[in-house]
file my_file06.txt (compact mmCIF, C-alpha atoms)
# COMPACT_ATOMS: atom_id res chain seq x y z
CA MET Y 1 7.20 -6.57 -3.02
CA THR Y 2 6.29 -9.59 -0.92
CA LYS Y 3 7.29 -12.28 -3.41
CA ASP Y 4 10.49 -13.12 -1.51
CA ASN Y 5 8.88 -13.24 1.93
CA HIS Y 6 8.49 -16.40 3.99
CA LEU Y 7 5.19 -17.02 5.78
CA LEU Y 8 5.99 -17.36 9.46
CA GLY Y 9 2.48 -16.90 10.84
CA GLN Y 10 -0.69 -14.92 10.38
CA PHE Y 11 -3.42 -13.13 12.26
CA PHE Y 12 -6.48 -11.12 11.32
CA LEU Y 13 -7.92 -7.79 12.44
CA HIS Y 14 -11.70 -8.18 12.68
CA GLY Y 15 -14.32 -5.53 13.25
CA LEU Y 16 -12.73 -2.78 11.20
CA LEU Y 17 -15.21 -0.10 10.21
CA PRO Y 18 -15.85 0.52 6.52
CA ALA Y 19 -13.95 3.59 5.38
CA PRO Y 20 -12.97 5.33 2.17
CA ARG Y 21 -9.70 4.33 0.61
CA GLY Y 22 -6.69 5.72 2.47
CA VAL Y 23 -8.62 6.52 5.66
CA PRO Y 24 -7.91 3.46 7.85
CA GLN Y 25 -4.90 3.99 10.07
CA ILE Y 26 -3.30 0.67 11.00
CA GLU Y 27 -0.11 0.80 13.04
CA VAL Y 28 2.07 -2.27 12.57
CA THR Y 29 5.13 -2.97 14.71
CA PHE Y 30 7.80 -5.65 14.47
CA GLU Y 31 10.01 -6.41 17.46
CA VAL Y 32 12.65 -9.07 18.00
CA ASN Y 33 13.70 -9.75 21.58
CA ALA Y 34 17.06 -10.99 22.88
CA ASN Y 35 15.90 -14.62 22.54
CA GLY Y 36 15.17 -14.20 18.85
CA ILE Y 37 11.41 -14.25 19.31
CA MET Y 38 9.61 -11.90 16.95
CA GLU Y 39 6.41 -10.15 17.97
CA ILE Y 40 4.25 -8.53 15.34
CA SER Y 41 1.28 -6.41 16.29
CA ALA Y 42 -1.29 -4.40 14.36
CA PHE Y 43 -3.55 -1.76 15.87
CA ASP Y 44 -6.43 0.17 14.26
CA THR Y 45 -6.24 3.69 15.69
CA ARG Y 46 -9.90 4.44 14.85
CA THR Y 47 -11.47 1.43 16.57
CA SER Y 48 -8.72 0.68 19.10
CA ARG Y 49 -8.81 -2.94 17.97
CA GLY Y 50 -5.56 -4.80 17.78
CA GLN Y 51 -4.00 -8.20 17.35
CA SER Y 52 -0.54 -9.65 17.79
CA ILE Y 53 1.42 -12.82 17.24
CA GLN Y 54 4.72 -14.16 18.55
CA ILE Y 55 6.95 -16.20 16.28
CA ALA Y 56 9.78 -18.27 17.74
CA ASN Y 57 12.53 -19.85 15.68
CA GLU Y 58 11.23 -23.38 16.09
CA LYS Y 59 12.30 -26.61 14.46
CA GLY Y 60 11.59 -26.57 10.74
CA ARG Y 61 12.09 -22.81 10.49
CA LEU Y 62 14.98 -21.07 8.79
CA THR Y 63 18.52 -21.87 9.91
CA LYS Y 64 20.95 -19.18 11.03
CA GLU Y 65 22.83 -19.61 7.73
CA GLN Y 66 19.62 -19.10 5.75
CA ILE Y 67 18.80 -15.98 7.78
CA ASP Y 68 22.34 -14.62 7.28
CA LYS Y 69 22.07 -15.26 3.52
CA MET Y 70 18.72 -13.45 3.42
CA CYS Y 71 20.24 -10.47 5.25
CA GLU Y 72 23.09 -10.35 2.71
CA ASP Y 73 20.57 -10.57 -0.14
CA ALA Y 74 18.53 -7.76 1.42
CA ILE Y 75 21.58 -5.50 1.38
CA PHE Y 76 22.49 -6.54 -2.17
CA PHE Y 77 18.97 -5.92 -3.51
CA ALA Y 78 18.23 -2.81 -1.43
CA GLU Y 79 18.36 -0.45 -4.41
CA GLU Y 80 16.06 -2.67 -6.47
CA ASP Y 81 13.68 -2.81 -3.52
CA ARG Y 82 13.69 1.00 -3.21
CA ALA Y 83 12.93 1.34 -6.93
CA ALA Y 84 10.08 -1.19 -6.69
CA ARG Y 85 8.66 0.63 -3.67
CA SER Y 86 8.83 3.99 -5.49
CA LEU Y 87 7.00 2.48 -8.46
CA VAL Y 88 4.25 1.04 -6.27
CA GLU Y 89 3.92 4.35 -4.39
CA ALA Y 90 3.68 6.36 -7.64
CA LYS Y 91 0.92 4.05 -8.93
CA ALA Y 92 -0.91 4.21 -5.58
CA GLU Y 93 -0.68 8.02 -5.56
CA LEU Y 94 -2.39 8.16 -8.95
CA GLU Y 95 -5.06 5.66 -7.85
CA ASN Y 96 -5.67 7.61 -4.63
CA TYR Y 97 -5.84 10.89 -6.55
CA ILE Y 98 -8.50 9.48 -8.87
CA SER Y 99 -10.42 8.08 -5.91
CA GLY Y 100 -10.20 11.40 -4.05
CA ILE Y 101 -11.55 13.35 -7.01
CA ARG Y 102 -14.43 10.90 -7.43
CA THR Y 103 -15.26 11.28 -3.73
CA ASN Y 104 -15.18 15.07 -3.92
CA ILE Y 105 -17.39 15.23 -7.01
CA ASP Y 106 -20.29 14.03 -4.87
CA ASN Y 107 -19.29 15.92 -1.71
CA PRO Y 108 -22.32 17.95 -0.51
CA ALA Y 109 -19.99 20.66 0.81
CA LEU Y 110 -18.77 21.30 -2.75
CA GLU Y 111 -22.20 21.09 -4.37
CA ASN Y 112 -22.51 24.87 -4.82
CA ARG Y 113 -18.98 25.21 -6.15
CA LEU Y 114 -19.19 22.69 -8.99
CA THR Y 115 -21.55 22.98 -11.92
CA GLN Y 116 -22.94 19.85 -13.51
CA GLU Y 117 -20.61 20.53 -16.44
CA ASP Y 118 -17.60 20.60 -14.03
CA LYS Y 119 -18.75 17.33 -12.46
CA ASN Y 120 -19.09 15.75 -15.91
CA LEU Y 121 -15.61 16.92 -16.93
CA LEU Y 122 -14.08 15.64 -13.71
CA THR Y 123 -15.87 12.30 -14.00
CA GLU Y 124 -14.69 11.96 -17.59
CA ALA Y 125 -11.10 12.79 -16.59
CA CYS Y 126 -11.25 10.20 -13.81
CA ASP Y 127 -12.66 7.60 -16.20
CA ASP Y 128 -9.89 8.36 -18.70
CA ALA Y 129 -7.21 8.13 -16.02
CA GLN Y 130 -8.65 4.84 -14.77
CA LYS Y 131 -8.65 3.44 -18.31
CA TRP Y 132 -5.05 4.62 -18.73
CA LEU Y 133 -4.12 2.77 -15.52
CA THR Y 134 -5.76 -0.40 -16.78
CA VAL Y 135 -3.98 -0.27 -20.14
CA ASN Y 136 -0.65 0.92 -18.69
CA TYR Y 137 -0.52 -1.29 -15.59
CA ASP Y 138 3.19 -1.88 -16.29
CA ALA Y 139 4.11 1.80 -16.72
CA ASN Y 140 7.25 3.11 -15.05
CA GLU Y 141 7.38 5.42 -12.05
CA GLN Y 142 7.86 8.59 -14.12
CA GLN Y 143 4.87 7.76 -16.32
CA PHE Y 144 2.63 7.36 -13.26
CA LYS Y 145 3.91 10.66 -11.83
CA THR Y 146 3.40 12.45 -15.15
CA LYS Y 147 -0.15 11.11 -15.44
CA ARG Y 148 -0.80 12.20 -11.83
CA LYS Y 149 0.24 15.76 -12.76
CA GLY Y 150 -2.29 15.71 -15.57
CA ASN Y 151 0.09 15.52 -18.50

call {"tool": "encode", "arguments": {"input": "my_file06.txt", "output": "structure tokens"}}
result
Amino acid sequence: MTKDNHLLGQFFLHGLLPAPRGVPQIEVTFEVNANGIMEISAFDTRTSRGQSIQIANEKGRLTKEQIDKMCEDAIFFAEEDRAARSLVEAKAELENYISGIRTNIDNPALENRLTQEDKNLLTEACDDAQKWLTVNYDANEQQFKTKRKGN
């Protein structure tokens, strides 16, 4: 979904704590002021660490005509972009579901609730789903959703 983006600048968030997949909460904001200067900031809500960058429309950047054309293209391709986003989200939901099950298999709080046979079945199901993802990396949104439901 970033293939059509233009690199305008970059910054890094350092010192983020290791966390399971899906746990980090990074708030990202984009603001453009009246002078056309864009400020992008990212903030980790768990560590209170943040970083920002200001990007001005300097010489060698995009012209107003190029920006206007990109805005028109964004409107024209909005439906394609929504479909691509839905596909990526469906795949991520399946990946996160598999990851969550794997995490819970070894959760000490659930140790008395799951037999070793249950753990083996769940691990096997996760392995199968992961293999399916590898083989079907180009599946469509509905296929990812169907696999997520266990069908």

call {"tool": "residues_around", "arguments": {"input": "my_file06.txt", "residues": "Leu133 (chain Y)", "least_positions_apart": "3", "cutoff": "10 Å", "atoms": "all atoms listed in the file", "output": "list of chain:residue names"}}
result
Y:Lys91, Y:Leu94, Y:Glu95, Y:Asp127, Y:Asp128, Y:Ala129, Y:Gln130, Y:Asn136, Y:Tyr137, Y:Asp138, Y:Ala139, Y:Phe144, Y:Lys147

call {"tool": "closest_atom_pairs", "arguments": {"input": "my_file06.txt", "of": "region 28-97 of chain Y", "to": "region 3-14 of chain Y", "cutoff": "8 Å", "atoms": "only C-alpha atoms", "output": "JSON lines"}}
result
{"residue": "Y:Ala42", "atom": "CA", "partner": "Y:Leu13", "partner_atom": "CA", "distance": 7.7}
{"residue": "Y:Arg49", "atom": "CA", "partner": "Y:Leu13", "partner_atom": "CA", "distance": 7.4}
{"residue": "Y:Gly50", "atom": "CA", "partner": "Y:Leu13", "partner_atom": "CA", "distance": 6.6}
{"residue": "Y:Gln51", "atom": "CA", "partner": "Y:Leu13", "partner_atom": "CA", "distance": 6.3}
{"residue": "Y:Ser52", "atom": "CA", "partner": "Y:Phe11", "partner_atom": "CA", "distance": 7.1}
{"residue": "Y:Ile53", "atom": "CA", "partner": "Y:Phe11", "partner_atom": "CA", "distance": 7.0}
{"residue": "Y:Ile55", "atom": "CA", "partner": "Y:Leu8", "partner_atom": "CA", "distance": 7.0}

call {"tool": "axis_aligned_box", "arguments": {"input": "my_file06.txt", "around": "region 129-141 of chain Y", "padding_each_side": "5 Å", "output": "lines of an AutoDock Vina configuration file"}}
result
center_x = -0.6
center_y = 3.1
center_z = -16.1
size_x = 26.0
size_y = 20.0
size_z = 18.1

call {"tool": "closest_residue", "arguments": {"input": "my_file06.txt", "among": "Y:Glu111, Y:Leu62, Y:Ile67, Y:Gln142", "to": "Ala83 (chain Y)", "atoms": "all atoms listed in the file"}}
result
Y:Gln142

call {"tool": "residues_around", "arguments": {"input": "my_file06.txt", "residues": "region 97-110 of chain Y", "least_positions_apart": "2", "cutoff": "7 Å", "atoms": "only C-alpha atoms", "output": "list in words"}}
result
Glu93, Leu94, Glu95, Asn112, Arg113, Leu114, Lys119, Thr123 and Cys126 of chain Y

call {"tool": "write_last_selection", "arguments": {"input": "my_file06.txt", "atoms": "C-alpha atoms", "output": "compact mmCIF listing (two decimals), keeping the file's coordinate frame"}}
result
# COMPACT_ATOMS: atom_id res chain seq x y z
CA GLU Y 93 -0.68 8.02 -5.56
CA LEU Y 94 -2.39 8.16 -8.95
CA GLU Y 95 -5.06 5.66 -7.85
CA ASN Y 112 -22.51 24.87 -4.82
CA ARG Y 113 -18.98 25.21 -6.15
CA LEU Y 114 -19.19 22.69 -8.99
CA LYS Y 119 -18.75 17.33 -12.46
CA THR Y 123 -15.87 12.30 -14.00
CA CYS Y 126 -11.25 10.20 -13.81

call {"tool": "atom_distance", "arguments": {"input": "my_file06.txt", "atom1": "CA of Ala19 (chain Y)", "atom2": "CA of Leu87 (chain Y)"}}
result
25.1 Å

call {"tool": "residues_around", "arguments": {"input": "my_file06.txt", "residues": "Asp44 (chain Y)", "least_positions_apart": "5", "cutoff": "8 Å", "atoms": "all atoms listed in the file", "output": "PyMOL selection string"}}
result
chain Y and resi 16+24-27+49-50

call {"tool": "atom_distance", "arguments": {"input": "my_file06.txt", "atom1": "CA of Gly22 (chain Y)", "atom2": "CA of Asn120 (chain Y)"}}
result
24.3 Å

call {"tool": "atom_distance", "arguments": {"input": "my_file06.txt", "atom1": "CA of Lys69 (chain Y)", "atom2": "CA of Glu31 (chain Y)"}}
result
20.4 Å

call {"tool": "closest_residue", "arguments": {"input": "my_file06.txt", "among": "Y:Met38, Y:Thr2, Y:Asp68, Y:Arg46", "to": "Pro18 (chain Y)", "atoms": "only C-alpha atoms"}}
result
Y:Arg46

call {"tool": "build_atoms", "arguments": {"input": "my_file06.txt", "residues": "region 26-37 of chain Y", "atoms": "all heavy atoms", "output": "short mmCIF file (atom, residue, chain, number, x, y, z; two decimals), in the coordinates of the input"}}
result
data_model
loop_
_atom_site.label_atom_id
_atom_site.label_comp_id
_atom_site.auth_asym_id
_atom_site.auth_seq_id
_atom_site.Cartn_x
_atom_site.Cartn_y
_atom_site.Cartn_z
N ILE Y 26 -3.73 1.89 10.33
CA ILE Y 26 -3.30 0.67 11.00
C ILE Y 26 -1.82 0.82 11.34
O ILE Y 26 -1.00 1.03 10.44
CB ILE Y 26 -3.50 -0.59 10.11
CG1 ILE Y 26 -4.91 -0.64 9.52
CG2 ILE Y 26 -3.14 -1.84 10.88
CD1 ILE Y 26 -6.01 -0.85 10.50
N GLU Y 27 -1.51 0.74 12.61
CA GLU Y 27 -0.11 0.80 13.04
C GLU Y 27 0.40 -0.63 13.20
O GLU Y 27 -0.19 -1.42 13.91
CB GLU Y 27 0.00 1.55 14.37
CG GLU Y 27 -0.36 3.00 14.28
CD GLU Y 27 -0.26 3.72 15.62
OE1 GLU Y 27 0.23 3.11 16.60
OE2 GLU Y 27 -0.68 4.88 15.67
N VAL Y 28 1.48 -0.94 12.51
CA VAL Y 28 2.07 -2.27 12.57
C VAL Y 28 3.47 -2.14 13.15
O VAL Y 28 4.24 -1.28 12.73
CB VAL Y 28 2.13 -2.92 11.17
CG1 VAL Y 28 2.75 -4.30 11.24
CG2 VAL Y 28 0.74 -2.99 10.56
N THR Y 29 3.78 -2.99 14.12
CA THR Y 29 5.13 -2.97 14.71
C THR Y 29 5.73 -4.38 14.66
O THR Y 29 5.02 -5.38 14.78
CB THR Y 29 5.11 -2.48 16.17
OG1 THR Y 29 4.25 -3.32 16.93
CG2 THR Y 29 4.63 -1.05 16.27
N PHE Y 30 7.03 -4.42 14.48
CA PHE Y 30 7.80 -5.65 14.47
C PHE Y 30 8.89 -5.50 15.52
O PHE Y 30 9.64 -4.53 15.49
CB PHE Y 30 8.46 -5.89 13.10
CG PHE Y 30 7.50 -6.04 11.97
CD1 PHE Y 30 6.97 -4.94 11.32
CD2 PHE Y 30 7.12 -7.31 11.55
CE1 PHE Y 30 6.08 -5.08 10.27
CE2 PHE Y 30 6.23 -7.46 10.50
CZ PHE Y 30 5.71 -6.35 9.86
N GLU Y 31 8.97 -6.45 16.43
CA GLU Y 31 10.01 -6.41 17.46
C GLU Y 31 10.64 -7.79 17.59
O GLU Y 31 9.94 -8.80 17.54
CB GLU Y 31 9.42 -6.00 18.81
CG GLU Y 31 8.86 -4.59 18.83
CD GLU Y 31 8.24 -4.23 20.17
OE1 GLU Y 31 8.47 -4.96 21.15
OE2 GLU Y 31 7.54 -3.22 20.22
N VAL Y 32 11.94 -7.82 17.75
CA VAL Y 32 12.65 -9.07 18.00
C VAL Y 32 13.36 -8.93 19.33
O VAL Y 32 14.14 -8.00 19.54
CB VAL Y 32 13.68 -9.38 16.88
CG1 VAL Y 32 14.41 -10.68 17.18
CG2 VAL Y 32 12.99 -9.44 15.53
N ASN Y 33 13.07 -9.85 20.27
CA ASN Y 33 13.70 -9.75 21.58
C ASN Y 33 15.05 -10.45 21.60
O ASN Y 33 15.49 -11.02 20.60
CB ASN Y 33 12.77 -10.25 22.69
CG ASN Y 33 12.53 -11.75 22.64
OD1 ASN Y 33 13.29 -12.50 22.03
ND2 ASN Y 33 11.48 -12.20 23.29
N ALA Y 34 15.72 -10.43 22.75
CA ALA Y 34 17.06 -10.99 22.88
C ALA Y 34 17.09 -12.50 22.62
O ALA Y 34 18.13 -13.05 22.27
CB ALA Y 34 17.62 -10.69 24.27
N ASN Y 35 15.96 -13.17 22.78
CA ASN Y 35 15.90 -14.62 22.54
C ASN Y 35 15.56 -14.97 21.10
O ASN Y 35 15.35 -16.13 20.77
CB ASN Y 35 14.85 -15.25 23.47
CG ASN Y 35 15.22 -15.08 24.92
OD1 ASN Y 35 16.39 -15.13 25.29
ND2 ASN Y 35 14.22 -14.86 25.76
N GLY Y 36 15.47 -13.96 20.25
CA GLY Y 36 15.17 -14.20 18.85
C GLY Y 36 13.70 -14.42 18.56
O GLY Y 36 13.33 -14.87 17.48
N ILE Y 37 12.84 -14.10 19.51
CA ILE Y 37 11.41 -14.25 19.31
C ILE Y 37 10.87 -12.95 18.73
O ILE Y 37 11.11 -11.87 19.26
CB ILE Y 37 10.69 -14.61 20.64
CG1 ILE Y 37 11.20 -15.96 21.14
CG2 ILE Y 37 9.18 -14.61 20.44
CD1 ILE Y 37 10.68 -16.34 22.50
#
